[in-house]
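What follows is input_12.txt (compact mmCIF, C-alpha atoms).
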# COMPACT_ATOMS: atom_id res chain seq x y z
CA MET A 1 0.00 0.00 0.00
CA LYS A 2 1.40 3.35 -1.02
CA ASN A 3 1.51 6.20 1.44
CA ILE A 4 0.80 9.52 -0.32
CA LYS A 5 1.13 12.91 1.29
CA VAL A 6 -0.10 16.15 -0.24
CA LEU A 7 1.94 19.10 1.04
CA GLY A 8 0.14 22.41 1.13
CA SER A 9 -1.47 24.93 3.39
CA GLY A 10 -5.05 24.32 2.28
CA CYS A 11 -5.05 26.51 -0.81
CA ALA A 12 -7.38 25.77 -3.73
CA ASN A 13 -4.67 24.04 -5.78
CA CYS A 14 -3.74 21.82 -2.84
CA LYS A 15 -7.33 20.69 -2.43
CA ALA A 16 -7.62 20.05 -6.17
CA THR A 17 -4.43 17.96 -6.06
CA PHE A 18 -5.75 15.92 -3.15
CA ALA A 19 -9.09 15.32 -4.88
CA ARG A 20 -7.46 14.37 -8.18
CA ILE A 21 -5.14 11.80 -6.58
CA GLU A 22 -8.07 10.35 -4.67
CA LYS A 23 -10.08 10.05 -7.87
CA VAL A 24 -7.30 8.44 -9.92
CA ALA A 25 -6.49 5.97 -7.14
CA ARG A 26 -10.13 4.93 -6.90
CA ALA A 27 -10.50 4.65 -10.67
CA LYS A 28 -7.44 2.40 -10.89
CA GLY A 29 -8.43 0.42 -7.82
CA VAL A 30 -5.09 1.07 -6.12
CA ALA A 31 -5.14 1.04 -2.33
CA VAL A 32 -3.46 4.15 -0.93
CA THR A 33 -3.33 6.02 2.33
CA LEU A 34 -3.75 9.66 1.48
CA GLU A 35 -2.98 12.42 3.95
CA LYS A 36 -2.57 16.16 4.02
CA VAL A 37 0.48 17.86 5.49
CA GLU A 38 -0.37 21.43 6.39
CA ASP A 39 2.41 22.26 8.83
CA PHE A 40 4.91 24.62 7.24
CA ALA A 41 7.92 23.34 9.15
CA GLN A 42 7.19 19.83 7.88
CA ILE A 43 6.57 21.01 4.33
CA ALA A 44 9.86 22.86 4.32
CA ALA A 45 11.63 19.83 5.78
CA TYR A 46 10.74 17.97 2.58
CA GLY A 47 12.54 20.67 0.62
CA VAL A 48 9.35 21.91 -1.01
CA MET A 49 9.16 25.65 -1.65
CA SER A 50 6.26 25.80 -4.06
CA THR A 51 3.06 24.13 -2.95
CA PRO A 52 1.25 21.86 -3.58
CA GLY A 53 3.85 19.13 -3.32
CA VAL A 54 3.33 15.38 -3.44
CA VAL A 55 5.31 12.85 -1.40
CA ILE A 56 5.02 9.12 -2.08
CA ASP A 57 6.53 6.71 0.45
CA GLY A 58 8.72 9.46 1.84
CA LYS A 59 10.01 10.69 -1.52
CA VAL A 60 9.07 14.03 -3.11
CA VAL A 61 7.73 13.31 -6.60
CA HIS A 62 6.13 16.62 -7.42
CA ALA A 63 6.10 20.29 -6.41
CA GLY A 64 4.53 23.52 -7.58
CA GLY A 65 1.16 22.97 -9.20
CA ILE A 66 -1.62 20.48 -9.73
CA PRO A 67 -0.18 17.29 -11.23
CA GLU A 68 -1.56 16.01 -14.54
CA GLN A 69 -3.77 12.95 -14.53
CA GLN A 70 -1.21 10.86 -16.49
CA GLN A 71 1.47 11.82 -13.98
CA ILE A 72 -0.61 10.54 -11.09
CA GLU A 73 -1.34 7.32 -12.97
CA SER A 74 2.37 6.75 -13.50
CA TRP A 75 3.04 7.16 -9.76
CA LEU A 76 0.47 4.55 -8.85
CA MET B 77 -7.92 44.45 -36.44
CA PHE B 78 -10.18 44.41 -33.37
CA GLU B 79 -11.57 47.76 -34.39
CA GLN B 80 -12.59 46.38 -37.81
CA PHE B 81 -14.06 43.26 -36.21
CA ALA B 82 -16.17 45.31 -33.80
CA HIS B 83 -17.16 47.66 -36.61
CA PHE B 84 -18.29 44.72 -38.76
CA LEU B 85 -20.15 42.98 -35.94
CA VAL B 86 -21.94 45.96 -34.40
CA TYR B 87 -22.58 48.37 -37.26
CA GLN B 88 -22.84 46.09 -40.30
CA LEU B 89 -24.13 42.81 -38.89
CA GLY B 90 -26.03 44.32 -35.96
CA GLY B 91 -27.28 47.28 -37.97
CA LEU B 92 -26.69 49.78 -35.14
CA SER B 93 -25.78 53.35 -35.94
CA PRO B 94 -22.29 54.62 -34.96
CA ALA B 95 -24.01 57.81 -33.84
CA SER B 96 -26.19 56.10 -31.22
CA GLN B 97 -25.09 55.72 -27.59
CA LEU B 98 -25.88 52.03 -27.60
CA GLY B 99 -23.88 51.64 -30.81
CA THR B 100 -20.68 53.27 -29.45
CA ALA B 101 -20.95 51.48 -26.10
CA LEU B 102 -21.44 48.10 -27.77
CA HIS B 103 -18.68 48.81 -30.28
CA PHE B 104 -16.28 49.66 -27.46
CA TRP B 105 -17.33 46.55 -25.54
CA VAL B 106 -16.82 44.15 -28.45
CA MET B 107 -13.48 45.74 -29.34
CA ASP B 108 -12.16 45.66 -25.79
CA THR B 109 -13.38 42.15 -25.00
CA THR B 110 -11.86 40.56 -28.07
CA LYS B 111 -8.64 42.56 -27.76
CA ILE B 112 -8.12 41.76 -24.09
CA LEU B 113 -9.06 38.09 -24.32
CA VAL B 114 -6.69 37.56 -27.26
CA MET B 115 -3.91 39.43 -25.46
CA LEU B 116 -4.50 37.43 -22.28
CA VAL B 117 -4.24 34.11 -24.10
CA VAL B 118 -1.06 35.14 -25.91
CA VAL B 119 0.65 36.67 -22.88
CA ILE B 120 -0.28 33.89 -20.45
CA TYR B 121 0.92 31.31 -22.97
CA PHE B 122 4.33 32.91 -23.32
CA MET B 123 4.67 33.58 -19.60
CA GLY B 124 3.77 29.90 -19.07
CA LEU B 125 6.52 28.85 -21.46
CA PHE B 126 8.92 31.20 -19.73
CA ARG B 127 7.98 29.83 -16.31
CA THR B 128 9.05 26.34 -17.22
CA TRP B 129 12.52 27.87 -16.83
CA LEU B 130 11.72 29.84 -13.70
CA SER B 131 10.55 28.51 -10.36
CA PRO B 132 10.90 29.83 -6.79
CA GLU B 133 13.59 27.20 -6.29
CA LYS B 134 15.57 28.60 -9.20
CA VAL B 135 14.97 32.17 -8.06
CA ARG B 136 16.43 31.20 -4.71
CA ARG B 137 19.51 29.74 -6.36
CA VAL B 138 19.96 32.79 -8.60
CA ILE B 139 19.69 35.27 -5.71
CA GLN B 140 21.77 33.31 -3.22
CA GLY B 141 25.23 34.73 -2.61
CA ARG B 142 24.91 37.80 -4.84
CA SER B 143 25.91 41.27 -3.74
CA LYS B 144 23.05 43.02 -1.91
CA THR B 145 22.09 45.45 -4.65
CA LEU B 146 22.16 42.85 -7.40
CA ALA B 147 20.30 40.36 -5.21
CA ARG B 148 17.58 42.92 -4.53
CA ILE B 149 17.21 43.89 -8.17
CA LEU B 150 16.92 40.19 -9.04
CA ALA B 151 14.43 39.60 -6.21
CA VAL B 152 12.20 42.44 -7.36
CA THR B 153 12.23 41.59 -11.07
CA LEU B 154 11.91 37.84 -10.53
CA GLY B 155 9.20 38.50 -7.96
CA ALA B 156 7.26 40.45 -10.56
CA MET B 157 7.59 37.58 -13.03
CA THR B 158 6.95 34.63 -10.73
CA PRO B 159 3.36 33.60 -10.12
CA PHE B 160 2.55 33.84 -6.51
CA CYS B 161 -0.23 32.65 -4.35
CA SER B 162 -0.26 33.89 -0.79
CA CYS B 163 -0.41 30.27 0.41
CA SER B 164 3.12 29.76 -0.93
CA SER B 165 4.57 32.72 0.93
CA VAL B 166 5.62 30.76 4.01
CA PRO B 167 7.47 27.88 2.32
CA LEU B 168 9.08 30.53 0.15
CA PHE B 169 10.05 32.64 3.15
CA ILE B 170 11.56 29.63 4.89
CA GLY B 171 13.36 28.59 1.72
CA PHE B 172 14.92 32.03 1.30
CA VAL B 173 15.95 32.26 4.96
CA GLU B 174 17.45 28.80 4.80
CA ALA B 175 19.52 29.79 1.77
CA GLY B 176 20.99 32.68 3.75
CA ILE B 177 19.22 35.34 1.66
CA PRO B 178 18.87 38.51 3.79
CA LEU B 179 15.35 39.16 5.12
CA GLY B 180 15.14 42.59 3.48
CA ILE B 181 15.58 40.95 0.08
CA THR B 182 13.00 38.30 0.88
CA PHE B 183 10.56 41.10 1.72
CA SER B 184 11.31 42.83 -1.58
CA PHE B 185 10.34 39.60 -3.33
CA LEU B 186 7.20 39.17 -1.22
CA ILE B 187 6.06 42.71 -2.05
CA ALA B 188 6.78 42.60 -5.79
CA SER B 189 5.15 39.25 -6.42
CA PRO B 190 1.45 39.91 -5.72
CA MET B 191 1.58 43.48 -6.98
CA ILE B 192 2.73 42.79 -10.51
CA ASN B 193 1.64 39.92 -12.68
CA GLU B 194 1.10 39.41 -16.37
CA VAL B 195 -2.69 39.30 -16.21
CA ALA B 196 -2.86 42.62 -14.41
CA VAL B 197 -0.42 44.10 -16.91
CA VAL B 198 -2.51 43.00 -19.90
CA LEU B 199 -5.71 44.34 -18.36
CA LEU B 200 -4.06 47.61 -17.46
CA ILE B 201 -2.76 48.08 -20.99
CA GLY B 202 -6.19 47.28 -22.41
CA LEU B 203 -8.14 49.50 -20.06
CA ILE B 204 -5.98 52.48 -19.15
CA GLY B 205 -3.28 52.45 -21.82
CA TRP B 206 0.34 51.40 -21.85
CA GLN B 207 1.75 54.65 -20.46
CA LEU B 208 -0.16 54.27 -17.20
CA THR B 209 0.74 50.58 -17.15
CA VAL B 210 4.44 51.37 -17.34
CA LEU B 211 3.90 53.85 -14.51
CA TYR B 212 2.15 51.21 -12.41
CA ILE B 213 4.92 48.66 -12.96
CA THR B 214 7.63 51.22 -12.18
CA ALA B 215 5.79 52.25 -9.04
CA GLY B 216 5.34 48.64 -7.94
CA LEU B 217 9.00 47.78 -8.49
CA THR B 218 10.06 50.91 -6.63
CA VAL B 219 7.84 50.15 -3.65
CA ALA B 220 9.19 46.59 -3.50
CA TYR B 221 12.80 47.75 -3.75
CA VAL B 222 12.54 50.56 -1.21
CA GLY B 223 10.18 48.63 1.07
CA GLY B 224 12.71 45.81 1.44
CA ILE B 225 15.51 48.24 2.27
CA ALA B 226 13.35 50.00 4.85
CA MET B 227 12.46 46.68 6.49
CA GLU B 228 16.14 45.83 6.75
CA ARG B 229 16.88 49.00 8.74
CA PHE B 230 14.74 47.68 11.58
CA HIS B 231 16.56 44.33 11.76
CA PRO B 232 13.44 42.19 11.34
CA GLU B 233 15.45 39.04 12.25
CA LYS B 234 14.45 39.47 15.87
CA TRP B 235 10.78 38.94 15.01
CA VAL B 236 11.23 35.76 13.03
CA GLU B 237 9.92 32.70 14.85
CA ALA B 238 12.77 30.65 16.31
CA TYR B 239 11.86 27.41 14.56
CA VAL B 240 12.44 28.98 11.15
CA TRP B 241 16.18 29.27 11.80
CA GLN B 242 16.40 25.61 12.75
CA ILE B 243 14.77 24.11 9.67
CA GLN B 244 17.13 22.10 7.53
CA MET B 245 15.66 21.80 4.08
CA GLY B 246 18.32 19.49 2.74
CA GLU B 247 17.81 18.58 -0.89
CA ILE B 248 15.50 21.07 -2.57
CA ALA B 249 12.74 19.38 -4.51
CA GLN B 250 12.60 20.84 -8.00
CA PRO B 251 9.13 21.12 -9.46
CA ALA B 252 8.59 18.24 -11.81
CA ILE B 253 8.50 19.91 -15.18
CA ASP B 254 8.76 18.13 -18.48
CA THR B 255 11.65 19.99 -20.09
CA SER B 256 11.06 18.88 -23.66
CA LEU B 257 9.63 21.55 -25.94
CA ARG B 258 6.38 19.62 -26.06
CA GLY B 259 6.28 19.45 -22.26
CA ARG B 260 6.79 23.22 -21.97
CA HIS B 261 4.06 23.79 -24.55
CA VAL B 262 1.64 21.53 -22.63
CA PHE B 263 2.42 23.41 -19.41
CA ALA B 264 1.85 26.79 -21.10
CA VAL B 265 -1.49 25.64 -22.52
CA SER B 266 -2.59 24.34 -19.12
CA GLN B 267 -1.71 27.75 -17.64
CA VAL B 268 -3.85 29.48 -20.26
CA THR B 269 -6.88 27.26 -19.62
CA GLU B 270 -6.49 27.46 -15.86
CA ILE B 271 -5.97 31.22 -15.58
CA VAL B 272 -8.39 32.32 -18.30
CA GLY B 273 -10.96 29.89 -16.93
CA ARG B 274 -10.63 31.46 -13.51
CA ILE B 275 -10.76 35.14 -14.49
CA TRP B 276 -12.75 35.53 -17.71
CA LEU B 277 -15.94 36.48 -15.90
CA TRP B 278 -14.20 39.23 -13.93
CA VAL B 279 -12.60 40.51 -17.08
CA LEU B 280 -15.98 40.72 -18.79
CA ILE B 281 -17.50 42.53 -15.80
CA GLY B 282 -14.58 44.95 -15.78
CA ILE B 283 -14.85 45.72 -19.45
CA SER B 284 -18.61 46.06 -19.22
CA ALA B 285 -18.19 48.67 -16.50
CA GLY B 286 -15.71 50.43 -18.76
CA ALA B 287 -18.11 50.29 -21.70
CA LEU B 288 -20.88 51.82 -19.61
CA PHE B 289 -18.64 54.73 -18.66
CA HIS B 290 -17.49 55.07 -22.22
CA GLY B 291 -20.97 55.35 -23.64
CA TYR B 292 -23.02 56.94 -20.92
CA VAL B 293 -21.09 59.15 -18.53
CA PRO B 294 -21.40 62.82 -19.43
CA GLN B 295 -18.07 64.62 -19.61
CA THR B 296 -19.10 67.54 -17.37
CA TRP B 297 -19.93 65.20 -14.51
CA VAL B 298 -16.44 63.69 -14.74
CA ALA B 299 -14.79 67.10 -14.80
CA GLY B 300 -16.77 68.22 -11.75
CA LEU B 301 -15.53 65.38 -9.57
CA SER B 302 -11.87 65.68 -10.49
CA GLU B 303 -11.52 69.12 -8.94
CA ARG B 304 -12.07 67.76 -5.45
CA GLU B 305 -8.55 66.41 -5.02
CA ASN B 306 -6.31 67.08 -2.07
CA TRP B 307 -3.13 65.56 -0.66
CA LEU B 308 -5.01 63.62 2.03
CA ALA B 309 -6.74 61.57 -0.65
CA VAL B 310 -3.65 59.37 -1.14
CA PRO B 311 -3.18 58.15 2.45
CA MET B 312 -6.95 57.74 2.65
CA ALA B 313 -6.89 55.53 -0.43
CA VAL B 314 -4.07 53.47 1.10
CA MET B 315 -6.00 52.98 4.36
CA LEU B 316 -9.10 52.05 2.40
CA GLY B 317 -7.12 49.42 0.53
CA ILE B 318 -5.90 47.51 3.60
CA PRO B 319 -9.14 45.79 4.61
CA LEU B 320 -10.06 45.28 0.96
CA TYR B 321 -8.44 42.23 -0.45
CA SER B 322 -8.23 41.22 -4.03
CA ASN B 323 -5.50 40.39 -6.44
CA ALA B 324 -4.36 43.00 -8.89
CA VAL B 325 -6.80 41.66 -11.50
CA GLY B 326 -9.94 42.28 -9.47
CA VAL B 327 -8.86 45.82 -8.69
CA ILE B 328 -8.60 46.99 -12.26
CA PRO B 329 -12.29 47.56 -13.03
CA LEU B 330 -12.46 49.64 -9.85
CA ALA B 331 -9.40 51.59 -10.89
CA GLU B 332 -10.88 52.27 -14.28
CA ALA B 333 -14.11 53.51 -12.76
CA MET B 334 -12.16 55.79 -10.41
CA LEU B 335 -10.08 57.24 -13.24
CA ALA B 336 -13.21 57.70 -15.31
CA LYS B 337 -14.75 59.63 -12.43
CA GLY B 338 -11.73 61.91 -12.43
CA VAL B 339 -9.96 60.66 -9.31
CA ALA B 340 -6.28 61.57 -9.58
CA LEU B 341 -3.90 59.00 -11.03
CA GLY B 342 -1.62 58.77 -7.97
CA THR B 343 -4.62 58.22 -5.70
CA THR B 344 -5.95 55.45 -7.93
CA LEU B 345 -2.56 53.73 -8.19
CA ALA B 346 -2.13 53.97 -4.41
CA LEU B 347 -5.46 52.23 -3.84
CA MET B 348 -4.61 49.52 -6.36
CA MET B 349 -1.22 48.84 -4.80
CA SER B 350 -2.59 48.87 -1.29
CA ILE B 351 -5.32 46.37 -2.15
CA ALA B 352 -2.93 44.06 -4.00
CA ALA B 353 0.12 44.23 -1.73
CA ILE B 354 -1.35 44.46 1.77
CA SER B 355 -3.75 41.65 2.44
CA LEU B 356 -5.05 40.23 5.68
CA PRO B 357 -4.99 36.59 4.52
CA GLU B 358 -1.33 36.89 3.57
CA LEU B 359 -0.49 38.55 6.89
CA LEU B 360 -2.24 35.73 8.77
CA ILE B 361 -0.18 33.20 6.85
CA LEU B 362 3.04 35.13 7.41
CA ARG B 363 2.22 35.16 11.13
CA LYS B 364 3.41 31.54 11.18
CA VAL B 365 6.96 32.69 10.59
CA MET B 366 6.99 36.22 11.99
CA ARG B 367 5.69 37.78 15.20
CA VAL B 368 3.15 40.61 15.24
CA PRO B 369 5.55 43.59 15.65
CA GLY B 370 7.40 42.51 12.53
CA LEU B 371 4.15 42.22 10.58
CA LEU B 372 2.94 45.61 11.76
CA LEU B 373 6.23 47.10 10.63
CA PHE B 374 5.80 45.39 7.26
CA VAL B 375 2.37 46.99 6.84
CA ALA B 376 3.62 50.38 8.02
CA VAL B 377 6.56 50.36 5.62
CA LEU B 378 4.30 49.45 2.72
CA MET B 379 1.78 52.15 3.65
CA VAL B 380 4.46 54.83 3.73
CA ALA B 381 6.07 53.66 0.49
CA ILE B 382 2.77 53.48 -1.38
CA THR B 383 1.67 56.87 -0.07
CA LEU B 384 4.92 58.44 -1.27
CA VAL B 385 4.50 56.88 -4.70
CA GLY B 386 0.90 58.12 -4.88
CA TRP B 387 1.92 61.68 -4.03
CA LEU B 388 4.75 61.54 -6.53
CA PHE B 389 2.40 60.52 -9.34
CA ASN B 390 -0.12 63.19 -8.38
CA LEU B 391 2.66 65.77 -8.49
CA LEU B 392 3.99 64.57 -11.83
CA ASN B 393 0.54 64.49 -13.30
How does the structure come out when it is put into C-alpha cells?
Amino acid sequence: MKNIKVLGSGCANCKATFARIEKVARAKGVAVTLEKVEDFAQIAAYGVMSTPGVVIDGKVVHAGGIPEQQQIESWL
Amino acid sequence: MFEQFAHFLVYQLGGLSPASQLGTALHFWVMDTTKILVMLVVVIYFMGLFRTWLSPEKVRRVIQGRSKTLARILAVTLGAMTPFCSCSSVPLFIGFVEAGIPLGITFSFLIASPMINEVAVVLLIGLIGWQLTVLYITAGLTVAYVGGIAMERFHPEKWVEAYVWQIQMGEIAQPAIDTSLRGRHVFAVSQVTEIVGRIWLWVLIGISAGALFHGYVPQTWVAGLSERENWLAVPMAVMLGIPLYSNAVGVIPLAEAMLAKGVALGTTLALMMSIAAISLPELLILRKVMRVPGLLLFVAVLMVAITLVGWLFNLLN
C-alpha cells in the first residue's frame, strides 16, 4: 500500500491535487493512504518551496502545481 | 484588427448606428473584450513557457550569494515575473531564509510578487493604456525595492519565529516539469486554460463597467468630480485598501471607474497597490513565521512607500 502525502497549506490548488489523486487511485483500484500535510515546518523539511507538493513513500515526486492525470497514474 | 471586427459585428451585422449611444458602447465593448481576451491568451501562454525555466527554487539559487544590490534587483524583477499565491509565501520565506538570503531581500520579493503579474499588466494596458501601465509597474517595483531596504533597517530578524532558523531543508525538490519543448508547450497551454478559466468572468465585468462609462457618462460630470482632489486623498486611499483584499486583477475595473470619475492617477494607483500588496490573509499566513511587531512594521513600511509613490504621481501628473 502506497503512502501519499499532499503538502500544502489548504489553498485551492492543494485541495484540487488531493481530490485528483483520490479520484485516480479509486478509478485504478489502487489502495493508498492519502494524507494532508499542512504544517509549514514539515513542508519545508521535505525541501518543497512551491506548494502543492506530493510525497510518495517518503520521496518528493512533485512540487509547484496540480499534477496532470497521467502523472498521477504513472506514480500509482 | 479588433476595431474592424467590432465595426463589422456591431454596425454592419447588428445594424446599429455609430451615432447612437448604444452603438458606441457596444462597439467599445466588443473591441475591448476581443482585444483583451486575445492578449491574455497570448501573454499567459508565453509567460507559461517562460515559467518552465523559472521557479521559486531557481529564483532562490539565482539570488543566493549575490551582492546586496544585485540580489535585490533580481528579487524584485523575478518577484514580478513569478506567479505567486499567498499560500506559498511561508514555504518561500523559509526557503529564502534557509539559503541565507537577507530578510530585506525576501521582503522585496514578497512585495513585488502579488503586486505585478502578467494578467494585471494585460488588463491595465487594455483599459488604461500602456503609459499608465508602465507607470504602475515602475511604481510597484520601486515600492518593492525601497520597502525591502526600509524593512532591513529595523533588523526584522528578531521577530522571526525561532523554529524557522532551525529548519534544515536538505535537498530542494525541484518542481517536476517536463523539459522537452512539447512538455513546456503543454504546461503553457494548461496555464492558459487554468488562468483564463478562472478570471474571464471578472474581465468581462470589468470591461462592461468600462463600456458603460465610455458610452453613458457625461463629460461635465467627470470634470466636476476631479476638482475635489487634495493631498489627504492618497493616504486615505491606502487605508481604504488595507481591509479590501483582491489580487491586482480584481482591482482593475475599480481603478478604471475611479479614473473615469476623475480621481487623480496617484490616488488610484495607491489604492490599487494597497489592495494588491497588503492583504489580511497573507499577513495571517506570514504570522506563522513572523511575530506581530514585525508584521505591523511590514504593513507600516508598505503604507508609507505606497503613499509616497501616490503623491509623486499626483505631483507629476
Residues around (10.0, 24.6, 3.6), cut-off 12 Å, counting all atoms listed in the file - what are they as a ChimeraX atom specification? /A:7-9,37-53,63 /B:132-133,164-175,239-249,365
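Nearest to Ala220 of chain B of all the residues B:Lys234, B:Arg148, B:His103, B:Arg367 is B:Arg148, based on only C-alpha atoms.
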I'd like the neighbourhood of Val30 of chain A as a count of residues only, where a residue qualifies if any of its atoms comes within 9 Å (using only C-alpha atoms), though same-chain residues fewer than 5 positions away should be ignored. 5
For Lys5 of chain A: contacts at 7 Å, all atoms listed in the file, fewer than 3 positions along chain excluded, given as a list of chain:residue names: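 The residues satisfying every condition are A:Leu34, A:Glu35, A:Lys36, A:Val37, A:Val54, A:Val55, A:Ile56.
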Using only C-alpha atoms, pick whichever of B:Val119, B:Met315, B:Ile361, B:Ile328 has the shortest atom-to-atom distance to Met348 of chain B.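 Going through B:Val119, B:Met315, B:Ile361, B:Ile328 one by one, the smallest distance to Met348 of chain B is for B:Ile328.
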Spatial neighbours of Phe18 of chain A, 7 Å, all atoms listed in the file, chain gap at least 4 places, as a PyMOL selection string: chain A and resi 6+14+22
What lies within 9 Å of segment 379-381 of chain B using only C-alpha atoms, ignoring chain neighbours under 6 positions off, as a PyMOL selection string? chain B and resi 218-220+222-223+311+314-315+318+350+354
For Lys111 of chain B, which residue out of B:Val262, B:Val279, B:Ala331, B:Ile225 is the nearest one, using only C-alpha atoms?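 Of all the options, B:Val279 lies closest to Lys111 of chain B.
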In Å, with one decimal, what is the gap from atom CA of Leu384 of chain B to atom CA of Thr343 of chain B? 10.5 Å
For a quick check of understanding, using only C-alpha atoms, which of B:Leu89, B:Leu217, B:Ala82, B:Leu130 has the smallest distance to chain A?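 The answer is B:Leu130, which sits nearest to chain A.
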For each of A:Lys23, A:Asp57, A:Pro67, A:Gly29, take the minimum atom-to-atom distance to chain B, counting all atoms listed in the file, then give the residue where this is smallest.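 Of A:Lys23, A:Asp57, A:Pro67, A:Gly29, the one nearest chain B, counting all atoms listed in the file, is A:Pro67.
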B:Glu228, B:Glu194, B:Glu332, B:Glu270 ranked by distance to chain A, top pick (using all atoms listed in the file):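 Checking each candidate against chain A, we get B:Glu270 as the closest.
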Pro369 of chain B: which residues within 12 Å, counting all atoms listed in the file, same-chain residues fewer than 2 positions away excluded, as a list in words? Met227, Phe230, His231, Pro232, Glu233, Lys234, Trp235, Val236, Glu237, Leu359, Arg363, Met366, Arg367, Leu371, Leu372, Leu373, Phe374, Val375 and Ala376 of chain B
Using only C-alpha atoms, please write the residues we just selected to a file, as a PDB file, in the coordinates of the input.
ATOM      1  CA  MET B 227      12.460  46.680   6.490  1.00  0.00           C
ATOM      2  CA  PHE B 230      14.740  47.680  11.580  1.00  0.00           C
ATOM      3  CA  HIS B 231      16.560  44.330  11.760  1.00  0.00           C
ATOM      4  CA  PRO B 232      13.440  42.190  11.340  1.00  0.00           C
ATOM      5  CA  GLU B 233      15.450  39.040  12.250  1.00  0.00           C
ATOM      6  CA  LYS B 234      14.450  39.470  15.870  1.00  0.00           C
ATOM      7  CA  TRP B 235      10.780  38.940  15.010  1.00  0.00           C
ATOM      8  CA  VAL B 236      11.230  35.760  13.030  1.00  0.00           C
ATOM      9  CA  GLU B 237       9.920  32.700  14.850  1.00  0.00           C
ATOM     10  CA  LEU B 359      -0.490  38.550   6.890  1.00  0.00           C
ATOM     11  CA  ARG B 363       2.220  35.160  11.130  1.00  0.00           C
ATOM     12  CA  MET B 366       6.990  36.220  11.990  1.00  0.00           C
ATOM     13  CA  ARG B 367       5.690  37.780  15.200  1.00  0.00           C
ATOM     14  CA  LEU B 371       4.150  42.220  10.580  1.00  0.00           C
ATOM     15  CA  LEU B 372       2.940  45.610  11.760  1.00  0.00           C
ATOM     16  CA  LEU B 373       6.230  47.100  10.630  1.00  0.00           C
ATOM     17  CA  PHE B 374       5.800  45.390   7.260  1.00  0.00           C
ATOM     18  CA  VAL B 375       2.370  46.990   6.840  1.00  0.00           C
ATOM     19  CA  ALA B 376       3.620  50.380   8.020  1.00  0.00           C
TER      20      ALA B 376
END
If you measure from atom CA of Leu362 of chain B to atom CA of Arg127 of chain B, what distance in Å do you get, rounded to one decimal?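 Pair atom CA of Leu362 of chain B / atom CA of Arg127 of chain B returns 24.8 Å.
Atom CA of Ile351 of chain B is positioned 18.7 Å from atom CA of Ile281 of chain B.
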Subset file as a PDB file, in the first residue's frame: segment 348-362 of chain B, N, CA and C atoms:
ATOM      1  N   MET B 348      -4.873  50.806  -5.704  1.00  0.00           N
ATOM      2  CA  MET B 348      -4.611  49.523  -6.357  1.00  0.00           C
ATOM      3  C   MET B 348      -3.481  48.769  -5.668  1.00  0.00           C
ATOM      4  N   MET B 349      -2.390  49.496  -5.396  1.00  0.00           N
ATOM      5  CA  MET B 349      -1.224  48.836  -4.805  1.00  0.00           C
ATOM      6  C   MET B 349      -1.520  48.394  -3.391  1.00  0.00           C
ATOM      7  N   SER B 350      -2.261  49.213  -2.668  1.00  0.00           N
ATOM      8  CA  SER B 350      -2.591  48.871  -1.295  1.00  0.00           C
ATOM      9  C   SER B 350      -3.457  47.617  -1.234  1.00  0.00           C
ATOM     10  N   ILE B 351      -4.440  47.548  -2.125  1.00  0.00           N
ATOM     11  CA  ILE B 351      -5.316  46.374  -2.146  1.00  0.00           C
ATOM     12  C   ILE B 351      -4.530  45.118  -2.521  1.00  0.00           C
ATOM     13  N   ALA B 352      -3.644  45.248  -3.518  1.00  0.00           N
ATOM     14  CA  ALA B 352      -2.930  44.064  -4.003  1.00  0.00           C
ATOM     15  C   ALA B 352      -1.813  43.622  -3.058  1.00  0.00           C
ATOM     16  N   ALA B 353      -1.095  44.597  -2.473  1.00  0.00           N
ATOM     17  CA  ALA B 353       0.120  44.228  -1.730  1.00  0.00           C
ATOM     18  C   ALA B 353      -0.137  43.965  -0.251  1.00  0.00           C
ATOM     19  N   ILE B 354      -1.102  44.665   0.347  1.00  0.00           N
ATOM     20  CA  ILE B 354      -1.353  44.461   1.773  1.00  0.00           C
ATOM     21  C   ILE B 354      -2.641  43.672   1.913  1.00  0.00           C
ATOM     22  N   SER B 355      -2.521  42.412   2.295  1.00  0.00           N
ATOM     23  CA  SER B 355      -3.752  41.647   2.443  1.00  0.00           C
ATOM     24  C   SER B 355      -3.754  40.896   3.763  1.00  0.00           C
ATOM     25  N   LEU B 356      -4.897  40.893   4.391  1.00  0.00           N
ATOM     26  CA  LEU B 356      -5.045  40.234   5.682  1.00  0.00           C
ATOM     27  C   LEU B 356      -4.742  38.734   5.602  1.00  0.00           C
ATOM     28  N   PRO B 357      -5.295  38.027   4.590  1.00  0.00           N
ATOM     29  CA  PRO B 357      -4.987  36.588   4.522  1.00  0.00           C
ATOM     30  C   PRO B 357      -3.483  36.319   4.457  1.00  0.00           C
ATOM     31  N   GLU B 358      -2.770  37.137   3.683  1.00  0.00           N
ATOM     32  CA  GLU B 358      -1.329  36.892   3.574  1.00  0.00           C
ATOM     33  C   GLU B 358      -0.635  37.180   4.906  1.00  0.00           C
ATOM     34  N   LEU B 359      -1.089  38.235   5.595  1.00  0.00           N
ATOM     35  CA  LEU B 359      -0.490  38.552   6.894  1.00  0.00           C
ATOM     36  C   LEU B 359      -0.719  37.410   7.881  1.00  0.00           C
ATOM     37  N   LEU B 360      -1.938  36.839   7.859  1.00  0.00           N
ATOM     38  CA  LEU B 360      -2.237  35.733   8.770  1.00  0.00           C
ATOM     39  C   LEU B 360      -1.327  34.538   8.488  1.00  0.00           C
ATOM     40  N   ILE B 361      -1.056  34.313   7.207  1.00  0.00           N
ATOM     41  CA  ILE B 361      -0.183  33.196   6.854  1.00  0.00           C
ATOM     42  C   ILE B 361       1.253  33.511   7.279  1.00  0.00           C
ATOM     43  N   LEU B 362       1.673  34.749   7.039  1.00  0.00           N
ATOM     44  CA  LEU B 362       3.040  35.130   7.409  1.00  0.00           C
ATOM     45  C   LEU B 362       3.254  35.103   8.926  1.00  0.00           C
TER      46      LEU B 362
END
